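K.L.:
Structure file protein15.pdb (PDB, C-alpha atoms) is given on the next line.
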```
ATOM      1  CA  VAL A   1     -75.972  87.785-113.999
ATOM      2  CA  THR A   2     -76.645  89.864-110.937
ATOM      3  CA  ASP A   3     -80.037  91.285-110.006
ATOM      4  CA  ASP A   4     -78.822  94.777-111.005
ATOM      5  CA  ARG A   5     -77.749  93.485-114.389
ATOM      6  CA  ALA A   6     -81.085  91.720-114.809
ATOM      7  CA  HIS A   7     -83.080  94.821-113.950
ATOM      8  CA  HIS A   8     -80.986  96.849-116.390
ATOM      9  CA  SER A   9     -81.705  94.289-119.106
ATOM     10  CA  ILE A  10     -85.417  94.385-118.430
ATOM     11  CA  ALA A  11     -85.377  98.160-118.802
ATOM     12  CA  THR A  12     -83.427  98.028-122.054
ATOM     13  CA  GLY A  13     -84.837  94.806-123.507
ATOM     14  CA  GLN A  14     -81.414  93.163-123.774
ATOM     15  CA  VAL A  15     -81.044  89.408-123.674
ATOM     16  CA  LEU A  16     -79.393  87.804-120.667
ATOM     17  CA  SER A  17     -76.804  85.071-120.671
ATOM     18  CA  ILE A  18     -77.598  82.464-118.042
ATOM     19  CA  ARG A  19     -76.574  78.953-117.048
ATOM     20  CA  VAL A  20     -79.233  76.588-115.849
ATOM     21  CA  THR A  21     -79.102  72.850-115.221
ATOM     22  CA  VAL A  22     -82.206  70.938-116.320
ATOM     23  CA  ASN A  23     -82.584  67.221-115.589
ATOM     24  CA  GLY A  24     -78.821  66.914-115.155
ATOM     25  CA  HIS A  25     -77.858  68.783-118.332
ATOM     26  CA  ALA A  26     -76.225  72.211-118.084
ATOM     27  CA  HIS A  27     -77.479  74.792-120.584
ATOM     28  CA  ASP A  28     -75.718  78.074-121.344
ATOM     29  CA  VAL A  29     -78.435  80.127-122.990
ATOM     30  CA  LEU A  30     -79.507  83.633-123.944
ATOM     31  CA  VAL A  31     -82.948  84.541-122.648
ATOM     32  CA  GLU A  32     -85.117  87.612-123.098
ATOM     33  CA  PRO A  33     -85.786  89.265-119.737
ATOM     34  CA  TYR A  34     -89.547  88.700-120.166
ATOM     35  CA  LEU A  35     -89.258  84.981-121.073
ATOM     36  CA  THR A  36     -91.074  82.869-118.493
ATOM     37  CA  LEU A  37     -89.568  79.670-117.150
ATOM     38  CA  ILE A  38     -92.343  77.583-118.709
ATOM     39  CA  GLU A  39     -91.749  79.163-122.137
ATOM     40  CA  PHE A  40     -88.050  78.409-121.755
ATOM     41  CA  LEU A  41     -88.703  74.763-120.823
ATOM     42  CA  ARG A  42     -91.436  74.060-123.377
ATOM     43  CA  ASP A  43     -90.481  76.243-126.340
ATOM     44  CA  ARG A  44     -86.695  76.425-126.085
ATOM     45  CA  LEU A  45     -85.829  73.026-124.646
ATOM     46  CA  GLY A  46     -88.869  71.160-126.037
ATOM     47  CA  LEU A  47     -89.728  69.780-122.593
ATOM     48  CA  THR A  48     -93.495  69.825-123.089
ATOM     49  CA  GLY A  49     -94.201  67.557-120.104
ATOM     50  CA  THR A  50     -94.517  70.741-118.012
ATOM     51  CA  LYS A  51     -98.088  71.932-118.543
ATOM     52  CA  LYS A  52     -99.461  75.454-118.765
ATOM     53  CA  SER A  53    -103.024  75.556-117.505
ATOM     54  CA  CYS A  54    -104.181  78.553-115.423
ATOM     55  CA  ASP A  55    -101.064  80.622-116.258
ATOM     56  CA  MET A  56    -101.522  82.526-112.964
ATOM     57  CA  GLN A  57     -99.982  80.325-110.266
ATOM     58  CA  VAL A  58    -103.231  78.816-109.023
ATOM     59  CA  CYS A  59    -103.463  75.275-110.430
ATOM     60  CA  GLY A  60    -100.004  73.719-110.001
ATOM     61  CA  ALA A  61     -99.944  72.056-113.455
ATOM     62  CA  CYS A  62     -96.656  73.822-114.284
ATOM     63  CA  THR A  63     -94.884  72.743-111.076
ATOM     64  CA  VAL A  64     -91.164  72.011-111.502
ATOM     65  CA  LEU A  65     -88.512  71.585-108.833
ATOM     66  CA  LEU A  66     -85.957  74.363-108.494
ATOM     67  CA  ASN A  67     -83.095  73.230-106.280
ATOM     68  CA  GLY A  68     -85.527  70.599-104.992
ATOM     69  CA  ARG A  69     -88.330  73.020-104.112
ATOM     70  CA  PRO A  70     -91.616  73.203-106.059
ATOM     71  CA  VAL A  71     -92.152  76.400-108.084
ATOM     72  CA  SER A  72     -94.734  77.488-110.666
ATOM     73  CA  ALA A  73     -92.915  77.776-113.978
ATOM     74  CA  CYS A  74     -95.744  79.887-115.453
ATOM     75  CA  THR A  75     -95.144  82.908-113.264
ATOM     76  CA  MET A  76     -91.388  82.733-112.823
ATOM     77  CA  LEU A  77     -88.988  84.319-115.276
ATOM     78  CA  ALA A  78     -86.356  82.152-116.931
ATOM     79  CA  PHE A  79     -83.532  84.417-115.749
ATOM     80  CA  GLU A  80     -84.657  83.922-112.154
ATOM     81  CA  ALA A  81     -83.619  80.276-112.574
ATOM     82  CA  ARG A  82     -80.021  81.300-113.352
ATOM     83  CA  ASN A  83     -77.440  79.049-111.712
ATOM     84  CA  ALA A  84     -80.219  76.802-110.430
ATOM     85  CA  THR A  85     -80.811  73.094-110.841
ATOM     86  CA  LEU A  86     -84.207  72.223-112.248
ATOM     87  CA  LEU A  87     -86.093  68.959-112.360
ATOM     88  CA  THR A  88     -89.013  68.521-114.762
ATOM     89  CA  ILE A  89     -91.238  65.459-115.223
ATOM     90  CA  GLU A  90     -88.958  64.240-118.039
ATOM     91  CA  GLY A  91     -86.139  63.830-115.503
ATOM     92  CA  VAL A  92     -88.030  61.919-112.806
ATOM     93  CA  ALA A  93     -87.605  58.388-114.225
ATOM     94  CA  GLN A  94     -84.135  56.874-114.515
ATOM     95  CA  GLY A  95     -84.226  55.872-118.169
ATOM     96  CA  GLU A  96     -87.048  53.359-118.443
ATOM     97  CA  ALA A  97     -87.061  52.704-114.673
ATOM     98  CA  LEU A  98     -89.963  54.673-113.233
ATOM     99  CA  HIS A  99     -89.831  56.506-109.898
ATOM    100  CA  PRO A 100     -91.980  54.845-107.171
ATOM    101  CA  LEU A 101     -94.380  57.818-107.397
ATOM    102  CA  GLN A 102     -94.850  57.240-111.118
ATOM    103  CA  GLU A 103     -95.422  53.514-110.548
ATOM    104  CA  ALA A 104     -97.925  54.199-107.770
ATOM    105  CA  PHE A 105     -99.858  56.741-109.875
ATOM    106  CA  ILE A 106    -100.193  54.093-112.628
ATOM    107  CA  GLU A 107    -101.131  51.215-110.306
ATOM    108  CA  HIS A 108    -103.601  53.193-108.203
ATOM    109  CA  GLY A 109    -105.185  55.184-111.023
ATOM    110  CA  GLY A 110    -103.934  58.532-109.734
ATOM    111  CA  LEU A 111    -104.697  60.133-113.091
ATOM    112  CA  GLN A 112    -107.345  60.399-115.734
ATOM    113  CA  CYS A 113    -106.716  62.994-118.427
ATOM    114  CA  GLY A 114    -103.165  63.362-117.142
ATOM    115  CA  PHE A 115    -102.798  67.114-117.560
ATOM    116  CA  CYS A 116    -102.218  67.781-113.844
ATOM    117  CA  THR A 117    -100.090  64.643-113.385
ATOM    118  CA  PRO A 118     -96.579  66.040-114.034
ATOM    119  CA  GLY A 119     -97.190  68.812-111.479
ATOM    120  CA  MET A 120     -98.748  66.367-109.016
ATOM    121  CA  ILE A 121     -95.780  63.996-109.210
ATOM    122  CA  LEU A 122     -93.183  66.756-108.831
ATOM    123  CA  ALA A 123     -94.990  68.374-105.893
ATOM    124  CA  ALA A 124     -95.349  64.966-104.253
ATOM    125  CA  LYS A 125     -91.660  64.244-104.855
ATOM    126  CA  ALA A 126     -90.691  67.469-103.071
ATOM    127  CA  LEU A 127     -93.035  66.558-100.225
ATOM    128  CA  LEU A 128     -91.556  63.090 -99.750
ATOM    129  CA  GLU A 129     -88.006  64.419 -99.812
ATOM    130  CA  GLU A 130     -88.957  66.882 -97.079
ATOM    131  CA  ASN A 131     -91.222  64.529 -95.138
ATOM    132  CA  PRO A 132     -90.689  60.855 -96.053
ATOM    133  CA  ALA A 133     -93.564  59.553 -93.896
ATOM    134  CA  PRO A 134     -96.404  62.067 -94.186
ATOM    135  CA  THR A 135     -99.893  61.511 -92.781
ATOM    136  CA  GLU A 136    -102.846  61.766 -95.165
ATOM    137  CA  GLU A 137    -103.613  65.199 -93.696
ATOM    138  CA  GLU A 138    -100.048  66.353 -94.349
ATOM    139  CA  VAL A 139    -100.247  65.150 -97.956
ATOM    140  CA  LYS A 140    -103.562  66.982 -98.466
ATOM    141  CA  HIS A 141    -102.118  70.156 -96.980
ATOM    142  CA  TYR A 142     -98.913  70.032 -99.033
ATOM    143  CA  MET A 143    -100.753  69.222-102.270
ATOM    144  CA  ARG A 144    -103.364  71.973-101.889
ATOM    145  CA  GLY A 145    -101.679  74.013-104.654
ATOM    146  CA  ASN A 146    -102.199  71.278-107.250
ATOM    147  CA  LEU A 147    -105.662  71.053-108.779
ATOM    148  CA  CYS A 148    -107.161  68.066-110.598
ATOM    149  CA  ARG A 149    -110.299  68.694-112.625
ATOM    150  CA  CYS A 150    -111.068  65.005-113.243
ATOM    151  CA  THR A 151    -111.876  64.812-109.484
ATOM    152  CA  GLY A 152    -109.230  62.200-108.866
ATOM    153  CA  TYR A 153    -107.991  63.418-105.463
ATOM    154  CA  LYS A 154    -108.770  60.200-103.577
ATOM    155  CA  ARG A 155    -106.636  58.108-105.894
ATOM    156  CA  ILE A 156    -103.909  60.747-106.053
ATOM    157  CA  LEU A 157    -103.729  60.692-102.256
ATOM    158  CA  GLU A 158    -103.679  56.883-102.298
ATOM    159  CA  SER A 159    -100.882  56.883-104.896
ATOM    160  CA  ILE A 160     -98.724  59.237-102.826
ATOM    161  CA  MET A 161     -99.266  57.259 -99.597
ATOM    162  CA  VAL A 162     -98.300  53.998-101.351
ATOM    163  CA  ALA A 163     -95.200  55.589-102.895
ATOM    164  CA  ALA A 164     -94.168  56.998 -99.505
ATOM    165  CA  ARG A 165     -94.352  53.530 -97.933
ATOM    166  CA  ARG A 166     -92.381  51.972-100.800
ATOM    167  CA  LEU A 167     -89.693  54.630-100.677
ATOM    168  CA  ALA A 168     -89.391  54.217 -96.911
ATOM    169  CA  GLN A 169     -88.994  50.471 -97.392
ATOM    170  CA  THR A 170     -86.304  50.955-100.040
ATOM    171  CA  HIS A 171     -84.342  53.297 -97.817
ATOM    172  CA  ASN A 172     -84.857  51.348 -94.620
ATOM    173  CA  PRO A 173     -85.917  47.743 -95.256
ATOM    174  CA  GLY A 174     -87.780  46.204 -92.340
ATOM    175  CA  ALA A 175     -88.760  49.559 -90.832
ATOM    176  CA  LEU A 176     -92.443  48.997 -91.540
ATOM    177  CA  GLU A 177     -92.513  45.631 -89.813
ATOM    178  CA  ALA A 178     -91.208  47.203 -86.609
TER     179      ALA A 178
ATOM    180  CA  MET B   1    -110.494  41.103-107.504
ATOM    181  CA  GLU B   2    -111.589  38.012-109.497
ATOM    182  CA  PRO B   3    -114.157  38.525-112.228
ATOM    183  CA  SER B   4    -117.601  37.655-110.841
ATOM    184  CA  SER B   5    -118.480  35.526-113.868
ATOM    185  CA  PRO B   6    -116.295  33.619-116.328
ATOM    186  CA  LEU B   7    -118.139  35.541-119.067
ATOM    187  CA  LEU B   8    -117.014  38.894-117.736
ATOM    188  CA  GLN B   9    -113.356  39.603-118.436
ATOM    189  CA  THR B  10    -113.229  43.229-117.256
ATOM    190  CA  VAL B  11    -116.165  43.884-114.920
ATOM    191  CA  GLY B  12    -114.968  43.587-111.333
ATOM    192  CA  THR B  13    -111.290  44.046-112.196
ATOM    193  CA  SER B  14    -109.136  47.153-111.857
ATOM    194  CA  PRO B  15    -107.411  47.477-115.216
ATOM    195  CA  GLN B  16    -104.620  50.021-115.565
ATOM    196  CA  ARG B  17    -104.958  52.833-118.063
ATOM    197  CA  LEU B  18    -103.225  52.020-121.337
ATOM    198  CA  ASP B  19    -101.789  55.546-121.591
ATOM    199  CA  ALA B  20    -100.732  55.925-117.951
ATOM    200  CA  ARG B  21     -97.008  55.402-118.540
ATOM    201  CA  GLU B  22     -96.870  58.224-121.107
ATOM    202  CA  LYS B  23     -98.810  60.486-118.755
ATOM    203  CA  VAL B  24     -96.616  59.959-115.663
ATOM    204  CA  THR B  25     -93.417  60.512-117.657
ATOM    205  CA  GLY B  26     -94.508  63.696-119.437
ATOM    206  CA  ARG B  27     -94.382  61.989-122.861
ATOM    207  CA  ALA B  28     -98.132  62.119-123.497
ATOM    208  CA  THR B  29     -98.899  64.674-126.196
ATOM    209  CA  PHE B  30    -101.801  67.032-125.537
ATOM    210  CA  ILE B  31    -103.233  69.506-128.060
ATOM    211  CA  SER B  32    -101.194  72.345-126.555
ATOM    212  CA  ASP B  33     -98.008  70.283-127.057
ATOM    213  CA  LEU B  34     -98.466  70.037-130.815
ATOM    214  CA  ARG B  35     -96.022  71.987-132.943
ATOM    215  CA  VAL B  36     -96.814  72.131-136.647
ATOM    216  CA  PRO B  37     -94.545  73.865-139.188
ATOM    217  CA  GLY B  38     -95.981  77.287-140.001
ATOM    218  CA  MET B  39     -98.330  77.146-137.025
ATOM    219  CA  VAL B  40     -99.782  80.474-135.875
ATOM    220  CA  TYR B  41    -101.632  81.396-132.676
ATOM    221  CA  THR B  42    -105.058  82.785-131.869
ATOM    222  CA  LYS B  43    -106.152  84.661-128.769
ATOM    223  CA  LEU B  44    -109.720  85.692-128.077
ATOM    224  CA  TRP B  45    -111.261  88.873-126.719
ATOM    225  CA  ARG B  46    -114.077  87.644-124.500
ATOM    226  CA  SER B  47    -117.021  89.569-123.141
ATOM    227  CA  PRO B  48    -116.619  90.789-119.567
ATOM    228  CA  LEU B  49    -120.417  91.216-119.362
ATOM    229  CA  PRO B  50    -123.039  88.445-119.211
ATOM    230  CA  HIS B  51    -125.485  90.176-121.553
ATOM    231  CA  ALA B  52    -124.813  93.143-123.800
ATOM    232  CA  ARG B  53    -125.367  94.636-127.213
ATOM    233  CA  LEU B  54    -122.262  94.984-129.368
ATOM    234  CA  ARG B  55    -122.198  98.650-130.352
ATOM    235  CA  ALA B  56    -118.818  98.909-132.056
ATOM    236  CA  ILE B  57    -115.513  97.085-132.360
ATOM    237  CA  ASP B  58    -112.348  99.011-133.228
ATOM    238  CA  THR B  59    -109.676  96.604-134.455
ATOM    239  CA  THR B  60    -107.379  99.213-136.036
ATOM    240  CA  ALA B  61    -104.630  99.250-133.419
ATOM    241  CA  ALA B  62    -104.687  95.482-132.904
ATOM    242  CA  ALA B  63    -104.423  94.829-136.656
ATOM    243  CA  ARG B  64    -101.291  97.001-136.815
ATOM    244  CA  ALA B  65     -99.598  95.414-133.816
ATOM    245  CA  PRO B  66     -96.338  93.473-134.348
ATOM    246  CA  GLY B  67     -96.758  89.911-135.579
ATOM    247  CA  VAL B  68    -100.498  90.150-136.139
ATOM    248  CA  LEU B  69    -101.808  88.310-139.215
ATOM    249  CA  ALA B  70    -105.561  88.802-138.858
ATOM    250  CA  VAL B  71    -108.203  90.230-136.555
ATOM    251  CA  LEU B  72    -111.563  88.544-136.986
ATOM    252  CA  THR B  73    -115.075  89.442-135.846
ATOM    253  CA  ALA B  74    -118.432  87.885-136.752
ATOM    254  CA  ALA B  75    -118.570  90.222-139.759
ATOM    255  CA  ASP B  76    -115.553  88.414-141.234
ATOM    256  CA  LEU B  77    -117.389  85.077-141.002
ATOM    257  CA  ALA B  78    -120.320  86.246-143.148
ATOM    258  CA  ASP B  79    -119.360  83.886-145.980
ATOM    259  CA  CYS B  80    -119.413  80.750-143.828
ATOM    260  CA  ASP B  81    -121.680  79.114-141.255
ATOM    261  CA  ARG B  82    -121.354  81.450-138.284
ATOM    262  CA  TYR B  83    -122.906  79.020-135.785
ATOM    263  CA  PHE B  84    -121.797  75.784-134.170
ATOM    264  CA  GLY B  85    -123.099  73.427-131.484
ATOM    265  CA  PRO B  86    -123.134  69.726-130.606
ATOM    266  CA  ALA B  87    -126.915  69.214-130.957
ATOM    267  CA  TYR B  88    -128.345  72.566-132.033
ATOM    268  CA  LYS B  89    -126.118  74.859-134.032
ATOM    269  CA  ASP B  90    -127.143  77.942-132.085
ATOM    270  CA  GLN B  91    -123.806  79.137-130.706
ATOM    271  CA  PRO B  92    -122.122  81.933-132.664
ATOM    272  CA  ILE B  93    -118.432  81.194-133.332
ATOM    273  CA  LEU B  94    -117.865  84.900-132.602
ATOM    274  CA  ALA B  95    -120.644  86.966-131.028
ATOM    275  CA  ILE B  96    -123.098  88.449-133.552
ATOM    276  CA  ASP B  97    -124.602  91.803-132.469
ATOM    277  CA  ARG B  98    -125.096  90.592-128.900
ATOM    278  CA  VAL B  99    -123.189  88.695-126.210
ATOM    279  CA  ARG B 100    -125.162  86.190-124.140
ATOM    280  CA  TYR B 101    -122.719  85.129-121.446
ATOM    281  CA  ALA B 102    -119.647  86.463-119.681
ATOM    282  CA  GLY B 103    -116.650  85.010-121.482
ATOM    283  CA  GLU B 104    -118.303  84.731-124.890
ATOM    284  CA  PRO B 105    -115.694  85.102-127.671
ATOM    285  CA  VAL B 106    -116.155  88.355-129.575
ATOM    286  CA  VAL B 107    -112.903  88.960-131.475
ATOM    287  CA  ALA B 108    -110.164  86.525-132.556
ATOM    288  CA  VAL B 109    -106.602  87.791-133.067
ATOM    289  CA  VAL B 110    -104.228  85.615-135.106
ATOM    290  CA  ALA B 111    -100.489  86.237-134.763
ATOM    291  CA  HIS B 112     -97.119  84.580-135.300
ATOM    292  CA  SER B 113     -96.690  84.008-131.560
ATOM    293  CA  GLU B 114     -98.958  83.550-128.570
ATOM    294  CA  ARG B 115     -97.321  86.553-126.906
ATOM    295  CA  GLU B 116     -97.969  88.838-129.906
ATOM    296  CA  ALA B 117    -101.584  87.658-130.158
ATOM    297  CA  ALA B 118    -102.165  88.348-126.451
ATOM    298  CA  ALA B 119    -100.564  91.799-126.672
ATOM    299  CA  ALA B 120    -102.776  92.711-129.640
ATOM    300  CA  VAL B 121    -105.943  91.566-127.841
ATOM    301  CA  ASP B 122    -105.219  94.256-125.253
ATOM    302  CA  LEU B 123    -105.354  96.876-128.032
ATOM    303  CA  LEU B 124    -108.924  96.037-129.082
ATOM    304  CA  GLU B 125    -111.627  98.530-128.283
ATOM    305  CA  VAL B 126    -115.048  96.973-127.888
ATOM    306  CA  ASP B 127    -118.033  99.128-127.069
ATOM    307  CA  LEU B 128    -120.716  97.198-125.188
ATOM    308  CA  GLU B 129    -124.132  98.346-124.076
ATOM    309  CA  GLU B 130    -125.047  96.366-120.978
ATOM    310  CA  LEU B 131    -128.390  94.514-121.039
ATOM    311  CA  PRO B 132    -130.197  92.924-118.067
ATOM    312  CA  ALA B 133    -128.642  89.607-117.053
ATOM    313  CA  VAL B 134    -130.607  86.596-115.877
ATOM    314  CA  THR B 135    -128.607  84.660-113.330
ATOM    315  CA  THR B 136    -131.112  82.480-111.456
ATOM    316  CA  LEU B 137    -133.624  79.805-112.428
ATOM    317  CA  ASP B 138    -136.523  81.842-111.039
ATOM    318  CA  GLU B 139    -135.518  84.913-113.039
ATOM    319  CA  ALA B 140    -135.257  82.789-116.175
ATOM    320  CA  LEU B 141    -138.754  81.320-115.619
ATOM    321  CA  ALA B 142    -140.387  84.704-114.972
ATOM    322  CA  PRO B 143    -142.869  85.737-117.693
ATOM    323  CA  GLU B 144    -140.997  88.966-118.432
ATOM    324  CA  ALA B 145    -137.586  87.227-118.690
ATOM    325  CA  PRO B 146    -135.569  88.406-121.713
ATOM    326  CA  LEU B 147    -135.327  85.863-124.534
ATOM    327  CA  LEU B 148    -131.777  84.966-125.499
ATOM    328  CA  HIS B 149    -132.530  83.271-128.794
TER     329      HIS B 149
END
```
Can the structure from this file be put into structure tokens for me?

P.N.:
Amino acid sequence: VTDDRAHHSIATGQVLSIRVTVNGHAHDVLVEPYLTLIEFLRDRLGLTGTKKSCDMQVCGACTVLLNGRPVSACTMLAFEARNATLLTIEGVAQGEALHPLQEAFIEHGGLQCGFCTPGMILAAKALLEENPAPTEEEVKHYMRGNLCRCTGYKRILESIMVAARRLAQTHNPGALEA
Amino acid sequence: MEPSSPLLQTVGTSPQRLDAREKVTGRATFISDLRVPGMVYTKLWRSPLPHARLRAIDTTAAARAPGVLAVLTAADLADCDRYFGPAYKDQPILAIDRVRYAGEPVVAVVAHSEREAAAAVDLLEVDLEELPAVTTLDEALAPEAPLLH
């Protein structure tokens, strides 16, 4: 649907037909113009790994990747994700094989209650795709939109730094010895 | 790190959380992830003022809003224990006559969906008479400080 069509639907309350790809699966769905992306993911697709916390784009718990970029699913409308490719926490591991970020968060205790973890991992994934060898300061700056209320930032930072080194090694073995 | 004594199996080690794998894959189930057949949703109207007398609550419009099943105030809890608390049961489930902190729940709206409950909360009319608020330790210790309980 075009923006004009979408605005018309909002005014009239009509449902919109959109296509969106989530974790590699294409979905052709009808969405109400007011349906938020997080409601679509959690309530329609049953992907409850995406967490709603502040519901006002402050805490980062609802972070998902839209065409590789982190967005807050709580304050984005589902129809705005039309024709986009989304990645949620459920799509980060390859089957039972965890992503290096997931492994590092487990090994280095980068989580306690775990509510902020899906958003943390997705934001960190976007960071490492953009900047594969970030400094600690760069990680802190990039992750400033993701809040943890168990005060686990030190271990989250450690987890991301370890994952970055492992990913770099996988992509370019021997680079770290140089 | 090796345990410092053969008697201590865990002290001095860094064990991994048993639930970490579920949490990093999004499979861990939190309260807000539960879906129970027939489940309904509650949203609260909370006091915007730290201290106030509850003059009147008009629930008429909220009760008629789409999807709404019930609108509850302290008056509706008269038949049960209206207080809760971990050590002293001195916290009203819903404010009774007075609110004692900003954010105190005053009215609960139950609806078929979260969206309908939230929309109905906006239709509530609560008349509050502001009372003096005590926001520092010194004010609270002053001899003329208002008593909350």

K.L.:
From the set B:Asp122, B:Arg115, B:Ala70, B:Pro92, which residue has the shortest atom-to-atom contact distance to chain A, counting only C-alpha atoms?

P.N.:
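For chain A, the nearest of the candidates is B:Arg115.
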
K.L.:
How big is the axis-aligned box around all listed atoms of stretch 96-103 of chain B once 6 Å goes on each side, and where's its centre, in Å to one decimal, as lines of an AutoDock Vina configuration file?

P.N.:
```
center_x = -120.9
center_y = 88.4
center_z = -126.6
size_x = 20.5
size_y = 18.8
size_z = 25.9
```

K.L.:
Can you pull out the residues contacting stretch 164-169 of chain A? Cut-off 10 Å, using only C-alpha atoms, and skip same-chain residues under 6 positions away; I want them as an mmCIF file with C-alpha atoms, in the frame of the given file.

P.N.:
```cif
data_model
loop_
_atom_site.group_PDB
_atom_site.id
_atom_site.type_symbol
_atom_site.label_atom_id
_atom_site.label_comp_id
_atom_site.auth_asym_id
_atom_site.auth_seq_id
_atom_site.Cartn_x
_atom_site.Cartn_y
_atom_site.Cartn_z
ATOM 1 C CA HIS A 99 -89.831 56.506 -109.898
ATOM 2 C CA PRO A 100 -91.980 54.845 -107.171
ATOM 3 C CA LEU A 101 -94.380 57.818 -107.397
ATOM 4 C CA ALA A 104 -97.925 54.199 -107.770
ATOM 5 C CA ALA A 124 -95.349 64.966 -104.253
ATOM 6 C CA LYS A 125 -91.660 64.244 -104.855
ATOM 7 C CA LEU A 127 -93.035 66.558 -100.225
ATOM 8 C CA LEU A 128 -91.556 63.090 -99.750
ATOM 9 C CA GLU A 129 -88.006 64.419 -99.812
ATOM 10 C CA ASN A 131 -91.222 64.529 -95.138
ATOM 11 C CA PRO A 132 -90.689 60.855 -96.053
ATOM 12 C CA ALA A 133 -93.564 59.553 -93.896
ATOM 13 C CA PRO A 134 -96.404 62.067 -94.186
ATOM 14 C CA THR A 135 -99.893 61.511 -92.781
ATOM 15 C CA GLU A 158 -103.679 56.883 -102.298
ATOM 16 C CA ALA A 175 -88.760 49.559 -90.832
ATOM 17 C CA LEU A 176 -92.443 48.997 -91.540
ATOM 18 C CA GLU A 177 -92.513 45.631 -89.813
#
```

K.L.:
Evaluating the ChimeraX specification (/A :<10) & /B on the displayed file yields which residues, as a list of chain:residue names?

P.N.:
B:Ser14, B:Pro15, B:Gln16, B:Arg17, B:Leu18, B:Asp19, B:Ala20, B:Arg21, B:Glu22, B:Lys23, B:Val24, B:Thr25, B:Gly26, B:Arg27, B:Ala28, B:Thr29, B:Phe30, B:Ser32, B:Asp33, B:Leu34, B:Arg35

K.L.:
How would you write as a PyMOL selection string the residues that get within 7 Å of (-114.5, 87.3, -121.5) in the file's frame, counting all atoms listed in the file?

P.N.:
chain B and resi 45-48+102-105

K.L.:
Taking the file as shown, find all residues satisfying the PyMOL selection byres ((chain B and resi 62) around 10) and write them as a ChimeraX atom specification.

P.N.:
/B:58-61,63-66,68-71,109,116-125

K.L.:
Which residues match the PyMOL selection byres ((chain A and resi 73) around 9) in the file above, as a tab-separated table (two decimals) with C-alpha atoms, in the coordinates of the input?

P.N.:
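In the end it all went to part-v8.tsv:
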```
chain	number	residue	atom	x	y	z
A	36	THR	CA	-91.07	82.87	-118.49
A	37	LEU	CA	-89.57	79.67	-117.15
A	38	ILE	CA	-92.34	77.58	-118.71
A	39	GLU	CA	-91.75	79.16	-122.14
A	41	LEU	CA	-88.70	74.76	-120.82
A	50	THR	CA	-94.52	70.74	-118.01
A	52	LYS	CA	-99.46	75.45	-118.76
A	55	ASP	CA	-101.06	80.62	-116.26
A	57	GLN	CA	-99.98	80.32	-110.27
A	62	CYS	CA	-96.66	73.82	-114.28
A	63	THR	CA	-94.88	72.74	-111.08
A	64	VAL	CA	-91.16	72.01	-111.50
A	71	VAL	CA	-92.15	76.40	-108.08
A	72	SER	CA	-94.73	77.49	-110.67
A	74	CYS	CA	-95.74	79.89	-115.45
A	75	THR	CA	-95.14	82.91	-113.26
A	76	MET	CA	-91.39	82.73	-112.82
A	77	LEU	CA	-88.99	84.32	-115.28
A	78	ALA	CA	-86.36	82.15	-116.93
```

K.L.:
When distances are computed from all atoms listed in the file, which of B:Glu114, B:Asp81, B:Asp90, B:Glu130 shows the smallest separation from B:Arg53?

P.N.:
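Residue with the minimum atom-to-atom distance to B:Arg53: B:Glu130.
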
K.L.:
Between atom CA of A:Asn83 and atom CA of A:Gly95, what is the spacing in Å?

P.N.:
25.0 Å

K.L.:
Please provide the set of residues having any atom within 12 Å of A:Glu136, restricted to only C-alpha atoms, with same-chain residues fewer than 6 positions apart removed, written as a ChimeraX atom specification.

P.N.:
/A:142-143,153-162,164

K.L.:
Atom CA of B:Val106 and atom CA of B:Leu128, how far apart in Å?

P.N.:
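Going from atom CA of B:Leu128 over to atom CA of B:Val106, I get 10.9 Å.
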
K.L.:
If we count all atoms listed in the file, what is near stretch 134-144 of chain B at a cut-off of 12 Å, once residues fewer than 3 positions away on the same chain are taken out, given as a ChimeraX atom specification?

P.N.:
/B:49-52,100-102,131,147-148

K.L.:
Can you tell me which residues surround A:Arg19 at a distance of at most 7 Å, considering all atoms listed in the file, apart from same-chain residues fewer than 5 positions away, and format the answer as a list in words?

P.N.:
Ala26, His27, Asp28, Val29, Arg82 and Asn83 of chain A

K.L.:
Can you list, as a PyMOL selection string, every protein, DNA or RNA residue that comes within 8 Å of A:Gly145 when you count only C-alpha atoms, leaving out same-chain residues fewer than 6 positions away?

P.N.:
chain A and resi 58-60

K.L.:
Limited to C-alpha atoms, could you put the picked residues into a file as a tab-separated table (two decimals), in the frame of the given file?

P.N.:
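Below is the file selection_5.tsv, written as the result:
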```
chain	number	residue	atom	x	y	z
A	58	VAL	CA	-103.23	78.82	-109.02
A	59	CYS	CA	-103.46	75.28	-110.43
A	60	GLY	CA	-100.00	73.72	-110.00
```

K.L.:
May I ask which of the residues B:His149, B:Glu129, B:Arg82, B:His112 is the closest one to B:Lys43, counting all atoms listed in the file?

P.N.:
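Closest to B:Lys43 of all the choices is B:His112.
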
K.L.:
May I ask for the distance between atom CA of B:Asp76 and atom CA of B:Pro37, given in Å to one decimal place?

P.N.:
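Interatomic distance here is 25.6 Å.
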